[in-house]
file protein.cif (mmCIF, C-alpha atoms and all ligand atoms; chains and numbers go by the auth columns)
data_input
loop_
_atom_site.group_PDB
_atom_site.id
_atom_site.type_symbol
_atom_site.label_atom_id
_atom_site.label_comp_id
_atom_site.label_asym_id
_atom_site.label_seq_id
_atom_site.Cartn_x
_atom_site.Cartn_y
_atom_site.Cartn_z
_atom_site.B_iso_or_equiv
_atom_site.auth_seq_id
_atom_site.auth_asym_id
ATOM 1 C CA MET A 1 -1.531 -41.111 15.938 0.00 244 A
ATOM 2 C CA VAL A 2 -4.092 -42.172 13.368 0.00 245 A
ATOM 3 C CA TYR A 3 -5.235 -45.717 12.709 0.00 246 A
ATOM 4 C CA LYS A 4 -5.596 -46.150 8.946 0.00 247 A
ATOM 5 C CA PRO A 5 -7.746 -49.102 7.789 0.00 248 A
ATOM 6 C CA ARG A 6 -7.123 -50.169 4.204 0.00 249 A
ATOM 7 C CA LEU A 7 -9.914 -49.482 1.732 0.00 250 A
ATOM 8 C CA ILE A 8 -9.146 -52.762 -0.045 0.00 251 A
ATOM 9 C CA ASP A 9 -10.053 -54.722 3.110 0.00 252 A
ATOM 10 C CA ARG A 10 -13.504 -53.159 3.198 0.00 253 A
ATOM 11 C CA LEU A 11 -14.114 -53.653 -0.507 0.00 254 A
ATOM 12 C CA PHE A 12 -13.098 -57.313 -0.641 0.00 255 A
ATOM 13 C CA PRO A 13 -14.361 -59.481 2.231 0.00 256 A
ATOM 14 C CA SER A 14 -12.119 -62.466 2.976 0.00 257 A
ATOM 15 C CA ASN A 15 -12.260 -65.783 4.822 0.00 258 A
ATOM 16 C CA CYS A 16 -11.261 -66.198 8.470 0.00 259 A
ATOM 17 C CA LEU A 17 -7.780 -67.744 8.727 0.00 260 A
ATOM 18 C CA LEU A 18 -8.898 -69.673 11.810 0.00 261 A
ATOM 19 C CA CYS A 19 -12.389 -71.035 11.091 0.00 262 A
ATOM 20 C CA GLY A 20 -12.839 -70.402 7.353 0.00 263 A
ATOM 21 C CA THR A 21 -16.036 -68.330 7.737 0.00 264 A
ATOM 22 C CA GLY A 22 -16.459 -65.421 5.348 0.00 265 A
ATOM 23 C CA THR A 23 -15.846 -62.119 7.087 0.00 266 A
ATOM 24 C CA SER A 24 -16.088 -58.423 6.342 0.00 267 A
ATOM 25 C CA SER A 25 -14.291 -57.423 9.551 0.00 268 A
ATOM 26 C CA GLY A 26 -11.610 -55.803 7.408 0.00 269 A
ATOM 27 C CA LEU A 27 -9.209 -58.497 8.615 0.00 270 A
ATOM 28 C CA ASN A 28 -8.512 -62.128 7.729 0.00 271 A
ATOM 29 C CA ALA A 29 -10.448 -63.320 10.762 0.00 272 A
ATOM 30 C CA CYS A 30 -14.073 -63.264 11.879 0.00 273 A
ATOM 31 C CA GLU A 31 -15.246 -61.239 14.879 0.00 274 A
ATOM 32 C CA GLY A 32 -15.776 -64.408 16.965 0.00 275 A
ATOM 33 C CA CYS A 33 -12.252 -65.736 16.414 0.00 276 A
ATOM 34 C CA ILE A 34 -10.770 -62.283 17.052 0.00 277 A
ATOM 35 C CA GLU A 35 -12.747 -62.088 20.300 0.00 278 A
ATOM 36 C CA ASP A 36 -11.365 -65.474 21.438 0.00 279 A
ATOM 37 C CA LEU A 37 -7.679 -64.676 20.890 0.00 280 A
ATOM 38 C CA PRO A 38 -5.624 -64.766 24.116 0.00 281 A
ATOM 39 C CA ARG A 39 -4.870 -61.084 24.759 0.00 282 A
ATOM 40 C CA ASN A 40 -2.057 -60.104 27.074 0.00 283 A
ATOM 41 C CA GLY A 41 -4.135 -58.054 29.501 0.00 284 A
ATOM 42 C CA GLU A 42 -2.766 -56.990 32.899 0.00 285 A
ATOM 43 C CA ALA A 43 1.015 -57.329 32.810 0.00 286 A
ATOM 44 C CA CYS A 44 4.323 -56.025 34.111 0.00 287 A
ATOM 45 C CA PRO A 45 4.882 -52.695 32.311 0.00 288 A
ATOM 46 C CA HIS A 46 8.621 -53.446 31.968 0.00 289 A
ATOM 47 C CA CYS A 47 8.637 -56.998 30.583 0.00 290 A
ATOM 48 C CA ALA A 48 4.953 -57.669 29.713 0.00 291 A
ATOM 49 C CA MET A 49 4.795 -60.753 31.949 0.00 292 A
ATOM 50 C CA PRO A 50 1.084 -61.443 32.599 0.00 293 A
ATOM 51 C CA LEU A 51 0.129 -60.620 36.198 0.00 294 A
ATOM 52 C CA PRO A 52 -3.125 -60.263 38.178 0.00 295 A
ATOM 53 C CA VAL A 53 -2.490 -56.480 38.283 0.00 296 A
ATOM 54 C CA ALA A 54 -0.322 -54.219 36.127 0.00 297 A
ATOM 55 C CA ALA A 55 2.715 -53.680 38.362 0.00 298 A
ATOM 56 C CA ALA A 56 6.449 -54.356 38.180 0.00 299 A
ATOM 57 C CA CYS A 57 7.151 -58.095 38.493 0.00 300 A
ATOM 58 C CA GLY A 58 9.654 -59.548 40.964 0.00 301 A
ATOM 59 C CA HIS A 59 12.212 -60.171 38.253 0.00 302 A
ATOM 60 C CA CYS A 60 12.123 -56.560 37.015 0.00 303 A
ATOM 61 C CA LEU A 61 12.334 -55.237 40.580 0.00 304 A
ATOM 62 C CA GLN A 62 15.473 -57.343 41.081 0.00 305 A
ATOM 63 C CA GLU A 63 17.121 -56.581 37.749 0.00 306 A
ATOM 64 C CA PRO A 64 15.826 -53.291 36.259 0.00 307 A
ATOM 65 C CA PRO A 65 15.298 -53.753 32.517 0.00 308 A
ATOM 66 C CA LEU A 66 17.095 -51.639 29.912 0.00 309 A
ATOM 67 C CA VAL A 67 13.858 -50.857 28.095 0.00 310 A
ATOM 68 C CA SER A 68 11.576 -48.262 29.657 0.00 311 A
ATOM 69 C CA GLY A 69 8.425 -50.175 28.762 0.00 312 A
ATOM 70 C CA ALA A 70 7.266 -53.373 27.080 0.00 313 A
ATOM 71 C CA LEU A 71 3.960 -54.184 25.420 0.00 314 A
ATOM 72 C CA CYS A 72 2.793 -57.522 23.998 0.00 315 A
ATOM 73 C CA GLY A 73 -0.503 -57.851 22.149 0.00 316 A
ATOM 74 C CA PHE A 74 -1.136 -61.534 22.898 0.00 317 A
ATOM 75 C CA ARG A 75 -0.073 -64.459 25.009 0.00 318 A
ATOM 76 C CA TYR A 76 1.896 -67.119 23.158 0.00 319 A
ATOM 77 C CA ASP A 77 -0.914 -69.639 23.395 0.00 320 A
ATOM 78 C CA TYR A 78 -3.439 -71.330 21.096 0.00 321 A
ATOM 79 C CA PRO A 79 -4.195 -70.136 18.398 0.00 322 A
ATOM 80 C CA VAL A 80 -1.644 -67.293 18.383 0.00 323 A
ATOM 81 C CA ARG A 81 1.147 -69.885 18.574 0.00 324 A
ATOM 82 C CA GLU A 82 -0.247 -71.672 15.509 0.00 325 A
ATOM 83 C CA LEU A 83 -0.678 -68.412 13.566 0.00 326 A
ATOM 84 C CA LEU A 84 2.926 -67.445 14.319 0.00 327 A
ATOM 85 C CA LEU A 85 4.141 -70.877 13.215 0.00 328 A
ATOM 86 C CA ARG A 86 2.244 -70.556 9.943 0.00 329 A
ATOM 87 C CA PHE A 87 3.766 -67.108 9.502 0.00 330 A
ATOM 88 C CA LYS A 88 7.384 -67.943 10.343 0.00 331 A
ATOM 89 C CA SER A 89 7.813 -71.538 9.244 0.00 332 A
ATOM 90 C CA GLY A 90 5.077 -71.807 6.640 0.00 333 A
ATOM 91 C CA GLY A 91 5.639 -68.422 5.012 0.00 334 A
ATOM 92 C CA ASP A 92 1.935 -67.543 5.509 0.00 335 A
ATOM 93 C CA LEU A 93 2.340 -63.769 5.497 0.00 336 A
ATOM 94 C CA ALA A 94 -1.406 -63.198 6.032 0.00 337 A
ATOM 95 C CA ALA A 95 -1.202 -64.925 9.437 0.00 338 A
ATOM 96 C CA GLY A 96 1.532 -62.533 10.588 0.00 339 A
ATOM 97 C CA ARG A 97 -0.239 -59.535 9.107 0.00 340 A
ATOM 98 C CA LEU A 98 -3.462 -60.418 10.939 0.00 341 A
ATOM 99 C CA LEU A 99 -1.762 -60.423 14.358 0.00 342 A
ATOM 100 C CA ALA A 100 0.146 -57.225 13.570 0.00 343 A
ATOM 101 C CA GLU A 101 -3.047 -55.479 12.387 0.00 344 A
ATOM 102 C CA LEU A 102 -4.821 -56.495 15.597 0.00 345 A
ATOM 103 C CA MET A 103 -1.919 -55.295 17.718 0.00 346 A
ATOM 104 C CA ALA A 104 -1.941 -51.936 15.876 0.00 347 A
ATOM 105 C CA ARG A 105 -5.660 -51.553 16.670 0.00 348 A
ATOM 106 C CA GLN A 106 -4.967 -52.424 20.299 0.00 349 A
ATOM 107 C CA ILE A 107 -2.092 -49.918 20.593 0.00 350 A
ATOM 108 C CA ASP A 108 -4.323 -47.283 19.014 0.00 351 A
ATOM 109 C CA ALA A 109 -7.222 -48.042 21.382 0.00 352 A
ATOM 110 C CA LEU A 110 -4.914 -47.950 24.425 0.00 353 A
ATOM 111 C CA GLN A 111 -3.290 -44.747 23.112 0.00 354 A
ATOM 112 C CA ALA A 112 -0.019 -46.534 23.775 0.00 355 A
ATOM 113 C CA VAL A 113 2.130 -44.730 21.197 0.00 356 A
ATOM 114 C CA PRO A 114 4.435 -42.662 23.414 0.00 357 A
ATOM 115 C CA ALA A 115 4.547 -38.897 22.870 0.00 358 A
ATOM 116 C CA GLY A 116 7.528 -37.558 20.949 0.00 359 A
ATOM 117 C CA ASP A 117 9.564 -38.733 17.984 0.00 360 A
ATOM 118 C CA TRP A 118 9.823 -42.536 18.068 0.00 361 A
ATOM 119 C CA THR A 119 11.157 -44.968 15.470 0.00 362 A
ATOM 120 C CA LEU A 120 10.417 -48.682 15.141 0.00 363 A
ATOM 121 C CA VAL A 121 13.473 -50.959 14.958 0.00 364 A
ATOM 122 C CA PRO A 122 12.747 -54.593 14.029 0.00 365 A
ATOM 123 C CA VAL A 123 15.016 -57.082 15.810 0.00 366 A
ATOM 124 C CA PRO A 124 17.498 -58.084 13.076 0.00 367 A
ATOM 125 C CA LEU A 125 17.878 -61.674 11.976 0.00 368 A
ATOM 126 C CA ALA A 126 21.200 -63.214 11.046 0.00 369 A
ATOM 127 C CA PRO A 127 21.667 -63.115 7.246 0.00 370 A
ATOM 128 C CA ARG A 128 21.751 -66.924 7.200 0.00 371 A
ATOM 129 C CA ARG A 129 18.312 -67.057 8.853 0.00 372 A
ATOM 130 C CA ILE A 130 16.896 -64.565 6.364 0.00 373 A
ATOM 131 C CA GLY A 131 18.295 -66.769 3.608 0.00 374 A
ATOM 132 C CA GLU A 132 16.438 -69.771 5.023 0.00 375 A
ATOM 133 C CA ARG A 133 13.125 -68.033 5.667 0.00 376 A
ATOM 134 C CA GLY A 134 13.142 -65.468 2.887 0.00 377 A
ATOM 135 C CA PHE A 135 12.092 -62.596 5.168 0.00 378 A
ATOM 136 C CA ASN A 136 12.581 -61.132 8.634 0.00 379 A
ATOM 137 C CA GLN A 137 9.315 -61.658 10.516 0.00 380 A
ATOM 138 C CA ALA A 138 10.071 -58.743 12.888 0.00 381 A
ATOM 139 C CA GLU A 139 10.430 -56.371 9.942 0.00 382 A
ATOM 140 C CA ARG A 140 7.084 -57.506 8.476 0.00 383 A
ATOM 141 C CA ILE A 141 5.394 -56.825 11.811 0.00 384 A
ATOM 142 C CA ALA A 142 7.117 -53.443 12.197 0.00 385 A
ATOM 143 C CA ARG A 143 5.996 -52.394 8.692 0.00 386 A
ATOM 144 C CA VAL A 144 2.346 -53.062 9.567 0.00 387 A
ATOM 145 C CA LEU A 145 2.582 -51.288 12.939 0.00 388 A
ATOM 146 C CA GLY A 146 4.468 -48.352 11.421 0.00 389 A
ATOM 147 C CA GLY A 147 2.028 -48.003 8.524 0.00 390 A
ATOM 148 C CA ARG A 148 -1.053 -48.106 10.749 0.00 391 A
ATOM 149 C CA LEU A 149 0.275 -45.920 13.544 0.00 392 A
ATOM 150 C CA GLY A 150 2.273 -43.429 11.488 0.00 393 A
ATOM 151 C CA LEU A 151 5.686 -44.412 12.850 0.00 394 A
ATOM 152 C CA ARG A 152 8.950 -44.583 10.905 0.00 395 A
ATOM 153 C CA VAL A 153 10.603 -48.013 10.531 0.00 396 A
ATOM 154 C CA GLU A 154 14.411 -48.299 10.398 0.00 397 A
ATOM 155 C CA PRO A 155 15.438 -51.923 9.871 0.00 398 A
ATOM 156 C CA ARG A 156 19.078 -51.079 9.273 0.00 399 A
ATOM 157 C CA LEU A 157 19.834 -49.163 12.453 0.00 400 A
ATOM 158 C CA ALA A 158 21.238 -52.378 13.904 0.00 401 A
ATOM 159 C CA ARG A 159 22.395 -55.599 12.349 0.00 402 A
ATOM 160 C CA ARG A 160 23.078 -59.032 13.656 0.00 403 A
ATOM 161 C CA VAL A 161 26.749 -59.859 13.360 0.00 404 A
ATOM 162 C CA ARG A 162 26.558 -63.306 14.827 0.00 405 A
ATOM 163 C CA SER A 163 23.869 -65.942 14.750 0.00 406 A
ATOM 164 C CA SER A 164 23.422 -67.975 17.877 0.00 407 A
ATOM 165 C CA PRO A 165 21.842 -71.260 16.845 0.00 408 A
ATOM 166 C CA ASP A 166 23.039 -73.295 19.822 0.00 409 A
ATOM 167 C CA GLN A 167 21.877 -71.008 22.626 0.00 410 A
ATOM 168 C CA LYS A 168 19.993 -73.839 24.330 0.00 411 A
ATOM 169 C CA SER A 169 23.170 -75.791 25.035 0.00 412 A
ATOM 170 C CA LEU A 170 24.931 -72.808 26.637 0.00 413 A
ATOM 171 C CA SER A 171 25.009 -71.765 30.279 0.00 414 A
ATOM 172 C CA ALA A 172 23.285 -68.505 31.251 0.00 415 A
ATOM 173 C CA VAL A 173 26.636 -66.705 31.518 0.00 416 A
ATOM 174 C CA GLN A 174 27.863 -68.005 28.161 0.00 417 A
ATOM 175 C CA ARG A 175 24.537 -67.116 26.576 0.00 418 A
ATOM 176 C CA ARG A 176 24.708 -63.537 27.846 0.00 419 A
ATOM 177 C CA ARG A 177 28.319 -63.163 26.648 0.00 420 A
ATOM 178 C CA ASN A 178 27.383 -64.605 23.263 0.00 421 A
ATOM 179 C CA LEU A 179 24.411 -62.262 22.886 0.00 422 A
ATOM 180 C CA ALA A 180 26.312 -59.151 23.992 0.00 423 A
ATOM 181 C CA GLN A 181 28.361 -59.394 20.796 0.00 424 A
ATOM 182 C CA ALA A 182 25.478 -60.458 18.593 0.00 425 A
ATOM 183 C CA PHE A 183 24.451 -56.969 17.389 0.00 426 A
ATOM 184 C CA HIS A 184 26.151 -53.986 15.856 0.00 427 A
ATOM 185 C CA ALA A 185 24.286 -50.653 16.073 0.00 428 A
ATOM 186 C CA ARG A 186 24.852 -47.505 14.028 0.00 429 A
ATOM 187 C CA PRO A 187 25.375 -44.260 15.959 0.00 430 A
ATOM 188 C CA CYS A 188 21.947 -43.035 17.095 0.00 431 A
ATOM 189 C CA PRO A 189 22.540 -40.195 19.600 0.00 432 A
ATOM 190 C CA GLY A 190 19.430 -39.027 21.420 0.00 433 A
ATOM 191 C CA ARG A 191 17.088 -41.298 19.433 0.00 434 A
ATOM 192 C CA ARG A 192 13.930 -42.823 20.929 0.00 435 A
ATOM 193 C CA LEU A 193 13.469 -46.344 19.629 0.00 436 A
ATOM 194 C CA ILE A 194 10.837 -49.062 19.906 0.00 437 A
ATOM 195 C CA LEU A 195 12.213 -52.563 19.275 0.00 438 A
ATOM 196 C CA VAL A 196 9.763 -54.844 17.471 0.00 439 A
ATOM 197 C CA ASP A 197 9.774 -58.648 17.563 0.00 440 A
ATOM 198 C CA ASP A 198 7.378 -61.561 17.184 0.00 441 A
ATOM 199 C CA ILE A 199 7.781 -63.429 20.476 0.00 442 A
ATOM 200 C CA LEU A 200 9.132 -62.248 23.821 0.00 443 A
ATOM 201 C CA THR A 201 10.511 -65.162 25.828 0.00 444 A
ATOM 202 C CA THR A 202 13.365 -64.495 28.266 0.00 445 A
ATOM 203 C CA GLY A 203 14.049 -61.031 26.871 0.00 446 A
ATOM 204 C CA ALA A 204 17.769 -61.884 26.508 0.00 447 A
ATOM 205 C CA THR A 205 17.875 -61.081 22.778 0.00 448 A
ATOM 206 C CA THR A 206 16.083 -57.745 23.050 0.00 449 A
ATOM 207 C CA ARG A 207 18.192 -56.875 26.094 0.00 450 A
ATOM 208 C CA ALA A 208 21.359 -57.417 24.064 0.00 451 A
ATOM 209 C CA LEU A 209 20.006 -55.326 21.188 0.00 452 A
ATOM 210 C CA ALA A 210 18.863 -52.575 23.599 0.00 453 A
ATOM 211 C CA GLN A 211 22.333 -52.539 25.155 0.00 454 A
ATOM 212 C CA SER A 212 24.083 -52.098 21.818 0.00 455 A
ATOM 213 C CA LEU A 213 21.684 -49.268 20.811 0.00 456 A
ATOM 214 C CA LEU A 214 22.145 -47.528 24.168 0.00 457 A
ATOM 215 C CA ASN A 215 25.920 -47.858 23.726 0.00 458 A
ATOM 216 C CA ALA A 216 25.443 -46.212 20.306 0.00 459 A
ATOM 217 C CA GLY A 217 23.753 -43.225 21.976 0.00 460 A
ATOM 218 C CA ALA A 218 20.012 -44.006 22.029 0.00 461 A
ATOM 219 C CA ALA A 219 18.173 -41.920 24.659 0.00 462 A
ATOM 220 C CA GLU A 220 15.316 -44.330 25.415 0.00 463 A
ATOM 221 C CA ILE A 221 14.206 -47.748 24.243 0.00 464 A
ATOM 222 C CA ARG A 222 10.858 -49.525 24.432 0.00 465 A
ATOM 223 C CA LEU A 223 9.740 -52.915 23.258 0.00 466 A
ATOM 224 C CA TRP A 224 6.684 -54.119 21.334 0.00 467 A
ATOM 225 C CA CYS A 225 6.163 -57.836 20.645 0.00 468 A
ATOM 226 C CA LEU A 226 3.214 -59.688 19.174 0.00 469 A
ATOM 227 C CA ALA A 227 3.219 -62.460 21.756 0.00 470 A
ATOM 228 C CA ARG A 228 4.427 -63.054 25.301 0.00 471 A
ATOM 229 C CA ALA A 229 5.648 -66.543 26.120 0.00 472 A
ATOM 230 C CA VAL A 230 5.168 -67.460 29.778 0.00 473 A
HETATM 231 ZN ZN ZN B . -13.280 -67.304 12.519 0.00 501 B
HETATM 232 ZN ZN ZN B . 8.671 -57.570 34.606 0.00 502 B
#
call {"tool": "encode", "arguments": {"input": "protein.cif", "output": "structure tokens", "more": "lines below"}}
Ligand SMILES: [Zn+2]
Ligand SMILES: [Zn+2]
result
Amino acid sequence: MVYKPRLIDRLFPSNCLLCGTGTSSGLNACEGCIEDLPRNGEACPHCAMPLPVAAACGHCLQEPPLVSGALCGFRYDYPVRELLLRFKSGGDLAAGRLLAELMARQIDALQAVPAGDWTLVPVPLAPRRIGERGFNQAERIARVLGGRLGLRVEPRLARRVRSSPDQKSLSAVQRRRNLAQAFHARPCPGRRLILVDDILTTGATTRALAQSLLNAGAAEIRLWCLARAV
């Protein structure tokens, strides 16, 4: 695992996306603003829920997760929430890249790339959503993480066959049933996969995707998300 900073970032200093100060940190943010970002420190190793100590949370003890580990770089709080909004709704790709670059540095520092042959799989968006937004935010994040950490990215290992725009109005049972049929995975016997997404909320979406990949033969699945909603 080798973290590869881009030469272009060192040659051309830029302005901080958060406070506007000029910076040569190699990122679009100054050292002070980077320091102040809400990191997801101690957390449940299975679902990344922030906790006073890193241990399995009550929910994961009750219902063992399908993924063998989850890591989130930040908490979904100010100003990470605002950066993600700029990225997803405003099409500000630099805001998404900044958070992904910082998460890559964090994963590198924690030596959190698991040993063995792992592939990054961005959580697929429904084609209609990609049409609206113009890009899949999870794929953008996965490309940065893969490039920096030397991991392969396979966005087409799974696809979304059904969009679920009205999830909020459904009961928990209906929601789970709806999501179970939301993804179609290609055969992937024995593969070790890391799902990548922007925000981890209930984990229902990634659970459904993990299930379809396990059904398609995957040996082990982990989860990396930029931000953990609490
Ligand atoms: Zn700043
Ligand atoms: Zn947990």
call {"tool": "residues_around", "arguments": {"input": "protein.cif", "residues": "Thr445 of chain A", "least_positions_apart": "2", "cutoff": "10 Å", "atoms": "all atoms listed in the file", "output": "MDAnalysis selection string"}}
result
chainID A and resid 290 442:443 447:450 471:473
call {"tool": "closest_residue", "arguments": {"input": "protein.cif", "among": "A:Pro295, A:Pro398, A:Gly316, A:Gly460", "to": "Leu345 of chain A", "atoms": "all atoms listed in the file"}}
result
A:Gly316
call {"tool": "residues_around", "arguments": {"input": "protein.cif", "residues": "Pro365 of chain A", "least_positions_apart": "2", "cutoff": "6 Å", "atoms": "all atoms listed in the file", "output": "ChimeraX atom specification"}}
result
/A:367,381-382,398,438-439
call {"tool": "write_last_selection", "arguments": {"input": "protein.cif", "atoms": "C-alpha atoms", "output": "tab-separated table (two decimals), keeping the file's coordinate frame"}}
result
chain	number	residue	atom	x	y	z
A	367	PRO	CA	17.50	-58.08	13.08
A	381	ALA	CA	10.07	-58.74	12.89
A	382	GLU	CA	10.43	-56.37	9.94
A	398	PRO	CA	15.44	-51.92	9.87
A	438	LEU	CA	12.21	-52.56	19.27
A	439	VAL	CA	9.76	-54.84	17.47
call {"tool": "resolve_selection", "arguments": {"input": "protein.cif", "expression": "the PyMOL selection byres (((chain A and resi 319) around 6) and not hetatm)", "output": "CSV table (one decimal) with C-alpha atoms, keeping the file's coordinate frame"}}
result
chain,number,residue,atom,x,y,z
A,318,ARG,CA,-0.1,-64.5,25.0
A,320,ASP,CA,-0.9,-69.6,23.4
A,323,VAL,CA,-1.6,-67.3,18.4
A,324,ARG,CA,1.1,-69.9,18.6
A,470,ALA,CA,3.2,-62.5,21.8
A,471,ARG,CA,4.4,-63.1,25.3
A,472,ALA,CA,5.6,-66.5,26.1
call {"tool": "residues_near_point", "arguments": {"input": "protein.cif", "point": "(0.2, -67.7, 8.9)", "cutoff": "12 Å", "atoms": "only C-alpha atoms", "output": "mmCIF file with C-alpha atoms, keeping the file's coordinate frame"}}
result
data_model
loop_
_atom_site.group_PDB
_atom_site.id
_atom_site.type_symbol
_atom_site.label_atom_id
_atom_site.label_comp_id
_atom_site.auth_asym_id
_atom_site.auth_seq_id
_atom_site.Cartn_x
_atom_site.Cartn_y
_atom_site.Cartn_z
ATOM 1 C CA CYS A 259 -11.261 -66.198 8.470
ATOM 2 C CA LEU A 260 -7.780 -67.744 8.727
ATOM 3 C CA LEU A 261 -8.898 -69.673 11.810
ATOM 4 C CA ASN A 271 -8.512 -62.128 7.729
ATOM 5 C CA ALA A 272 -10.448 -63.320 10.762
ATOM 6 C CA PRO A 322 -4.195 -70.136 18.398
ATOM 7 C CA VAL A 323 -1.644 -67.293 18.383
ATOM 8 C CA ARG A 324 1.147 -69.885 18.574
ATOM 9 C CA GLU A 325 -0.247 -71.672 15.509
ATOM 10 C CA LEU A 326 -0.678 -68.412 13.566
ATOM 11 C CA LEU A 327 2.926 -67.445 14.319
ATOM 12 C CA LEU A 328 4.141 -70.877 13.215
ATOM 13 C CA ARG A 329 2.244 -70.556 9.943
ATOM 14 C CA PHE A 330 3.766 -67.108 9.502
ATOM 15 C CA LYS A 331 7.384 -67.943 10.343
ATOM 16 C CA SER A 332 7.813 -71.538 9.244
ATOM 17 C CA GLY A 333 5.077 -71.807 6.640
ATOM 18 C CA GLY A 334 5.639 -68.422 5.012
ATOM 19 C CA ASP A 335 1.935 -67.543 5.509
ATOM 20 C CA LEU A 336 2.340 -63.769 5.497
ATOM 21 C CA ALA A 337 -1.406 -63.198 6.032
ATOM 22 C CA ALA A 338 -1.202 -64.925 9.437
ATOM 23 C CA GLY A 339 1.532 -62.533 10.588
ATOM 24 C CA ARG A 340 -0.239 -59.535 9.107
ATOM 25 C CA LEU A 341 -3.462 -60.418 10.939
ATOM 26 C CA LEU A 342 -1.762 -60.423 14.358
ATOM 27 C CA ALA A 343 0.146 -57.225 13.570
ATOM 28 C CA GLN A 380 9.315 -61.658 10.516
#
call {"tool": "residues_near_point", "arguments": {"input": "protein.cif", "point": "(-11.8, -64.0, 7.5)", "cutoff": "9 Å", "atoms": "all atoms listed in the file", "output": "VMD selection string"}}
result
chain A and resid 256 to 274
call {"tool": "resolve_selection", "arguments": {"input": "protein.cif", "expression": "the PyMOL selection byres (((chain A and resi 289) around 8) and not hetatm)", "output": "PyMOL selection string"}}
result
chain A and resi 287-288+290-291+299+303+308+310-313
call {"tool": "resolve_selection", "arguments": {"input": "protein.cif", "expression": "the PyMOL selection byres (((chain A and resi 404) around 12) and not hetatm)", "output": "ChimeraX atom specification"}}
result
/A:367-372,401-403,405-407,421-428,452,455
call {"tool": "atom_distance", "arguments": {"input": "protein.cif", "atom1": "atom CA of Ala347 of chain A", "atom2": "atom CA of Ile384 of chain A"}}
result
9.7 Å
call {"tool": "atom_distance", "arguments": {"input": "protein.cif", "atom1": "atom CA of Ile437 of chain A", "atom2": "atom CA of Glu463 of chain A"}}
result
8.5 Å
call {"tool": "atom_distance", "arguments": {"input": "protein.cif", "atom1": "atom CA of Gln349 of chain A", "atom2": "atom CA of Leu309 of chain A"}}
result
24.1 Å
call {"tool": "closest_residue", "arguments": {"input": "protein.cif", "among": "A:Val366, A:Arg429, A:Tyr321, A:Leu400", "to": "Asp279 of chain A", "atoms": "all atoms listed in the file"}}
result
A:Tyr321
call {"tool": "closest_residue", "arguments": {"input": "protein.cif", "among": "A:Ala453, A:Leu304, A:Cys431, A:Leu413", "to": "ligand ZN 502 (chain B)", "atoms": "only C-alpha atoms and all ligand atoms"}}
result
A:Leu304
call {"tool": "closest_residue", "arguments": {"input": "protein.cif", "among": "A:Val364, A:Gly284, A:Gln354, A:Gly446", "to": "ligand ZN 502 (chain B)", "atoms": "all atoms listed in the file"}}
result
A:Gly446
